[in-house]
Amino acid sequence: MTGPGVKTAVEWLVSAAPDPDACRWEWERNPLGVALLPAGRLWDVLILPGELGYPALDVLTRLVERPGPVLADFGDSRIGYFVPPGTAARWLGTGVRGAGKGTWIVVPHPAKGTAGTVRWLVLPDGAGTLNDPSLLELAMHEAAASISREGEG
C-alpha cells in the first residue's frame, strides 16, 4: 500500500497511541516496521487460531464489501481481527483470545509490507472501519462448519 491510503491508515493507527507523534517517529525508524499500540481505545482485537481465522476471513469477505483490518503472524498460527472497543471483554468463544483495554498489540506499518513479525491481511482504510463482531461470529460459525464437513470427508 502506498500513497494517500498509507498516510490515512498511519494517522488512524497512531491516533490510538498515548503520544501519536512519538509513535509515528519511532514507527518510521523501527527496522522491523512495527509499533506497540494500545488496544481498547479505538479498537479491540479478537485473535483466532489460523486454522479458523483464514476460513473465517474467506467467509467474511463474501458477507461485506471490505472487512475491517486483519493481522496475521508469520507462522500463520494466529489471525487478529480489529473490532469495536469493548468487544474483547464481552466475547466468549473457545480458542478465541481478546486484546482489549489494558493490552498492547504489535502493529506493522501499512507501507512496510511484511518486514516484521506480523503482516496485514486487510489493511486499515484510515476511516476507522472495523469488523462487525456479529458478522465475524457468523463467519466463524460458517468456517467451523465447513472445516468440520471437510474433516468428515
# chains A, B, ... in the order shown; residues from 1 in each chain; ligands from 1

call {"tool": "residues_around", "arguments": {"residues": "region 4-8 of chain A", "least_positions_apart": "5", "cutoff": "7 Å", "atoms": "only C-alpha atoms", "output": "PyMOL selection string"}}
result
chain A and resi 110-111+125-126

call {"tool": "write_last_selection", "arguments": {"atoms": "C-alpha atoms", "output": "mmCIF file, in the first residue's frame"}}
result
data_model
loop_
_atom_site.group_PDB
_atom_site.id
_atom_site.type_symbol
_atom_site.label_atom_id
_atom_site.label_comp_id
_atom_site.auth_asym_id
_atom_site.auth_seq_id
_atom_site.Cartn_x
_atom_site.Cartn_y
_atom_site.Cartn_z
ATOM 1 C CA PRO A 110 0.933 -0.194 6.475
ATOM 2 C CA ALA A 111 3.629 0.673 3.917
ATOM 3 C CA ASP A 125 -8.784 2.054 5.458
ATOM 4 C CA GLY A 126 -7.859 5.085 7.579
#

call {"tool": "select_by_dssp", "arguments": {"residues": "chain A", "states": "alpha helix (DSSP H)", "output": "CSV table (one decimal) with N, CA and C atoms, in the first residue's frame"}}
result
chain,number,residue,atom,x,y,z
A,4,PRO,N,-1.8,8.1,-0.6
A,4,PRO,CA,-2.6,8.7,0.4
A,4,PRO,C,-3.3,7.7,1.4
A,5,GLY,N,-3.5,6.5,0.9
A,5,GLY,CA,-4.1,5.4,1.7
A,5,GLY,C,-3.2,5.1,2.9
A,6,VAL,N,-1.9,5.0,2.6
A,6,VAL,CA,-1.0,4.7,3.7
A,6,VAL,C,-1.0,5.8,4.7
A,7,LYS,N,-1.0,7.1,4.3
A,7,LYS,CA,-1.0,8.2,5.2
A,7,LYS,C,-2.2,8.2,6.1
A,8,THR,N,-3.4,8.0,5.5
A,8,THR,CA,-4.6,8.0,6.4
A,8,THR,C,-4.6,6.8,7.3
A,9,ALA,N,-4.1,5.6,6.8
A,9,ALA,CA,-4.0,4.4,7.7
A,9,ALA,C,-3.1,4.7,8.8
A,10,VAL,N,-1.9,5.3,8.5
A,10,VAL,CA,-0.9,5.6,9.6
A,10,VAL,C,-1.5,6.5,10.6
A,11,GLU,N,-2.1,7.6,10.1
A,11,GLU,CA,-2.7,8.6,11.0
A,11,GLU,C,-3.8,8.0,11.9
A,12,TRP,N,-4.6,7.1,11.4
A,12,TRP,CA,-5.6,6.4,12.2
A,12,TRP,C,-5.0,5.5,13.2
A,13,LEU,N,-4.0,4.7,12.8
A,13,LEU,CA,-3.4,3.8,13.7
A,13,LEU,C,-2.7,4.5,14.9
A,14,VAL,N,-1.9,5.5,14.5
A,14,VAL,CA,-1.1,6.2,15.6
A,14,VAL,C,-2.0,7.1,16.5
A,20,PRO,N,0.9,10.2,19.8
A,20,PRO,CA,1.0,9.8,18.4
A,20,PRO,C,2.2,10.3,17.6
A,21,ASP,N,2.7,11.5,18.0
A,21,ASP,CA,3.9,12.0,17.3
A,21,ASP,C,5.2,11.1,17.6
A,22,ALA,N,5.3,10.7,18.9
A,22,ALA,CA,6.4,9.9,19.2
A,22,ALA,C,6.3,8.5,18.6
A,23,CYS,N,5.0,8.0,18.6
A,23,CYS,CA,4.8,6.7,18.0
A,23,CYS,C,5.1,6.7,16.5
A,24,ARG,N,4.7,7.7,15.8
A,24,ARG,CA,5.0,7.8,14.4
A,24,ARG,C,6.5,7.9,14.1
A,25,TRP,N,7.2,8.7,14.9
A,25,TRP,CA,8.6,8.9,14.8
A,25,TRP,C,9.3,7.5,15.0
A,26,GLU,N,9.0,6.8,16.0
A,26,GLU,CA,9.6,5.5,16.3
A,26,GLU,C,9.2,4.5,15.3
A,27,TRP,N,8.0,4.5,14.9
A,27,TRP,CA,7.5,3.5,13.9
A,27,TRP,C,8.2,3.6,12.6
A,28,GLU,N,8.4,4.9,12.1
A,28,GLU,CA,9.1,5.1,10.9
A,28,GLU,C,10.6,4.7,10.9
A,29,ARG,N,11.2,4.6,12.1
A,29,ARG,CA,12.6,4.3,12.2
A,29,ARG,C,12.8,2.9,12.7
A,50,GLY,N,-5.1,-19.7,13.4
A,50,GLY,CA,-5.1,-19.6,12.0
A,50,GLY,C,-6.0,-20.6,11.2
A,51,GLU,N,-6.1,-21.8,11.7
A,51,GLU,CA,-6.9,-22.8,11.0
A,51,GLU,C,-8.4,-22.4,11.0
A,52,LEU,N,-8.8,-21.5,11.9
A,52,LEU,CA,-10.2,-21.0,11.8
A,52,LEU,C,-10.2,-19.5,11.3
A,53,GLY,N,-9.1,-18.8,11.6
A,53,GLY,CA,-9.1,-17.4,11.2
A,53,GLY,C,-9.1,-17.1,9.7
A,54,TYR,N,-8.3,-18.0,8.9
A,54,TYR,CA,-8.3,-17.8,7.5
A,54,TYR,C,-9.6,-18.1,6.8
A,55,PRO,N,-10.2,-19.3,7.1
A,55,PRO,CA,-11.5,-19.6,6.5
A,55,PRO,C,-12.6,-18.6,6.9
A,56,ALA,N,-12.5,-18.1,8.2
A,56,ALA,CA,-13.5,-17.0,8.6
A,56,ALA,C,-13.3,-15.8,7.8
A,57,LEU,N,-12.1,-15.4,7.4
A,57,LEU,CA,-11.8,-14.3,6.6
A,57,LEU,C,-12.4,-14.5,5.2
A,58,ASP,N,-12.3,-15.7,4.7
A,58,ASP,CA,-12.9,-16.0,3.4
A,58,ASP,C,-14.4,-15.8,3.4
A,59,VAL,N,-15.0,-16.3,4.5
A,59,VAL,CA,-16.5,-16.1,4.6
A,59,VAL,C,-16.8,-14.6,4.8
A,60,LEU,N,-16.1,-13.9,5.6
A,60,LEU,CA,-16.4,-12.5,5.9
A,60,LEU,C,-16.3,-11.7,4.6
A,61,THR,N,-15.3,-12.0,3.8
A,61,THR,CA,-15.2,-11.2,2.5
A,61,THR,C,-16.3,-11.5,1.6
A,62,ARG,N,-17.1,-12.5,1.8
A,62,ARG,CA,-18.3,-12.8,1.0
A,62,ARG,C,-19.5,-12.0,1.6
A,63,LEU,N,-19.4,-11.7,2.9
A,63,LEU,CA,-20.5,-11.0,3.6
A,63,LEU,C,-20.5,-9.5,3.4
A,87,THR,N,-15.4,-5.1,22.8
A,87,THR,CA,-15.8,-6.4,22.3
A,87,THR,C,-15.0,-7.5,23.0
A,88,ALA,N,-13.8,-7.3,23.2
A,88,ALA,CA,-12.9,-8.4,23.8
A,88,ALA,C,-13.4,-8.7,25.2
A,89,ALA,N,-13.9,-7.8,26.0
A,89,ALA,CA,-14.4,-8.0,27.3
A,89,ALA,C,-15.7,-8.8,27.4
A,90,ARG,N,-16.5,-8.7,26.3
A,90,ARG,CA,-17.7,-9.4,26.2
A,90,ARG,C,-17.7,-10.7,25.4
A,133,PRO,N,-18.6,-7.4,15.0
A,133,PRO,CA,-18.5,-8.7,15.8
A,133,PRO,C,-19.6,-9.7,15.4
A,134,SER,N,-20.8,-9.3,15.1
A,134,SER,CA,-21.8,-10.2,14.8
A,134,SER,C,-21.6,-10.9,13.5
A,135,LEU,N,-21.1,-10.2,12.5
A,135,LEU,CA,-20.7,-10.8,11.2
A,135,LEU,C,-19.5,-11.7,11.4
A,136,LEU,N,-18.6,-11.3,12.2
A,136,LEU,CA,-17.4,-12.1,12.4
A,136,LEU,C,-17.8,-13.4,13.1
A,137,GLU,N,-18.7,-13.3,14.0
A,137,GLU,CA,-19.2,-14.6,14.7
A,137,GLU,C,-19.9,-15.5,13.7
A,138,LEU,N,-20.7,-14.9,12.8
A,138,LEU,CA,-21.4,-15.7,11.8
A,138,LEU,C,-20.3,-16.3,10.9
A,139,ALA,N,-19.3,-15.6,10.5
A,139,ALA,CA,-18.3,-16.1,9.6
A,139,ALA,C,-17.5,-17.2,10.3
A,140,MET,N,-17.3,-17.1,11.6
A,140,MET,CA,-16.5,-18.1,12.3
A,140,MET,C,-17.4,-19.4,12.4
A,141,HIS,N,-18.7,-19.3,12.6
A,141,HIS,CA,-19.5,-20.4,12.7
A,141,HIS,C,-19.6,-21.1,11.3
A,142,GLU,N,-19.7,-20.4,10.2
A,142,GLU,CA,-19.7,-20.9,8.9
A,142,GLU,C,-18.4,-21.6,8.6
A,143,ALA,N,-17.3,-21.0,8.9
A,143,ALA,CA,-16.0,-21.5,8.7
A,143,ALA,C,-15.8,-22.8,9.5
A,144,ALA,N,-16.2,-22.8,10.8
A,144,ALA,CA,-16.1,-24.0,11.6
A,144,ALA,C,-16.9,-25.2,11.0
A,145,ALA,N,-18.1,-24.9,10.5
A,145,ALA,CA,-18.9,-25.9,9.9
A,145,ALA,C,-18.3,-26.5,8.7
A,146,SER,N,-17.7,-25.6,7.9
A,146,SER,CA,-17.0,-26.0,6.7
A,146,SER,C,-15.8,-26.9,7.0
A,147,ILE,N,-15.1,-26.5,8.0
A,147,ILE,CA,-13.9,-27.3,8.4
A,147,ILE,C,-14.4,-28.7,8.9
A,148,SER,N,-15.5,-28.7,9.6
A,148,SER,CA,-16.0,-30.0,10.2
A,148,SER,C,-16.4,-30.9,9.0
A,149,ARG,N,-17.1,-30.3,8.0
A,149,ARG,CA,-17.6,-31.1,6.9
A,149,ARG,C,-16.4,-31.7,6.1
A,150,GLU,N,-15.3,-30.9,6.0
A,150,GLU,CA,-14.1,-31.3,5.3
A,150,GLU,C,-13.5,-32.5,6.0
A,151,GLY,N,-13.5,-32.4,7.4
A,151,GLY,CA,-12.9,-33.4,8.2
A,151,GLY,C,-13.6,-34.7,8.1
A,152,GLU,N,-14.9,-34.7,7.8
A,152,GLU,CA,-15.7,-35.9,7.7
A,152,GLU,C,-15.5,-36.6,6.4

call {"tool": "closest_residue", "arguments": {"among": "A:Pro18, A:Pro69, A:Pro31, A:Gly102", "to": "Leu123 (chain A)", "atoms": "only C-alpha atoms"}}
result
A:Pro69

call {"tool": "atom_distance", "arguments": {"atom1": "CA of Ser77 (chain A)", "atom2": "CA of Pro38 (chain A)"}}
result
21.8 Å

call {"tool": "closest_residue", "arguments": {"among": "A:Ala39, A:Val96, A:Ala16, A:Val34", "to": "Ile79 (chain A)", "atoms": "only C-alpha atoms"}}
result
A:Val96

call {"tool": "atom_distance", "arguments": {"atom1": "CA of Val83 (chain A)", "atom2": "CA of Thr117 (chain A)"}}
result
21.0 Å

call {"tool": "atom_distance", "arguments": {"atom1": "CA of Gly98 (chain A)", "atom2": "CA of Asp19 (chain A)"}}
result
23.8 Å

call {"tool": "closest_residue", "arguments": {"among": "A:Gly40, A:Pro49, A:Asn30, A:Gly100", "to": "Ala72 (chain A)", "atoms": "only C-alpha atoms"}}
result
A:Pro49

call {"tool": "residues_around", "arguments": {"residues": "region 129-132 of chain A", "least_positions_apart": "5", "cutoff": "6 Å", "atoms": "only C-alpha atoms", "output": "PDB file with N, CA and C atoms, in the first residue's frame"}}
result
ATOM      1  N   PRO A  67     -13.781  -5.985   4.558  1.00  0.00           N
ATOM      2  CA  PRO A  67     -13.678  -6.164   6.006  1.00  0.00           C
ATOM      3  C   PRO A  67     -12.822  -5.077   6.633  1.00  0.00           C
ATOM      4  N   GLY A  68     -12.914  -4.974   7.946  1.00  0.00           N
ATOM      5  CA  GLY A  68     -12.033  -4.098   8.688  1.00  0.00           C
ATOM      6  C   GLY A  68     -10.641  -4.709   8.752  1.00  0.00           C
ATOM      7  N   PHE A  82      -9.593  -6.623  13.982  1.00  0.00           N
ATOM      8  CA  PHE A  82      -9.863  -5.381  14.688  1.00  0.00           C
ATOM      9  C   PHE A  82     -11.382  -5.215  14.777  1.00  0.00           C
ATOM     10  N   VAL A  83     -11.880  -5.075  16.000  1.00  0.00           N
ATOM     11  CA  VAL A  83     -13.313  -4.956  16.275  1.00  0.00           C
ATOM     12  C   VAL A  83     -13.534  -3.749  17.185  1.00  0.00           C
TER      13      VAL A  83
END

call {"tool": "select_by_dssp", "arguments": {"residues": "chain A", "states": "strand (DSSP E or B)", "output": "PyMOL selection string"}}
result
chain A and resi 34-38+44-49+70-73+78-83+97-99+104-108+118-122
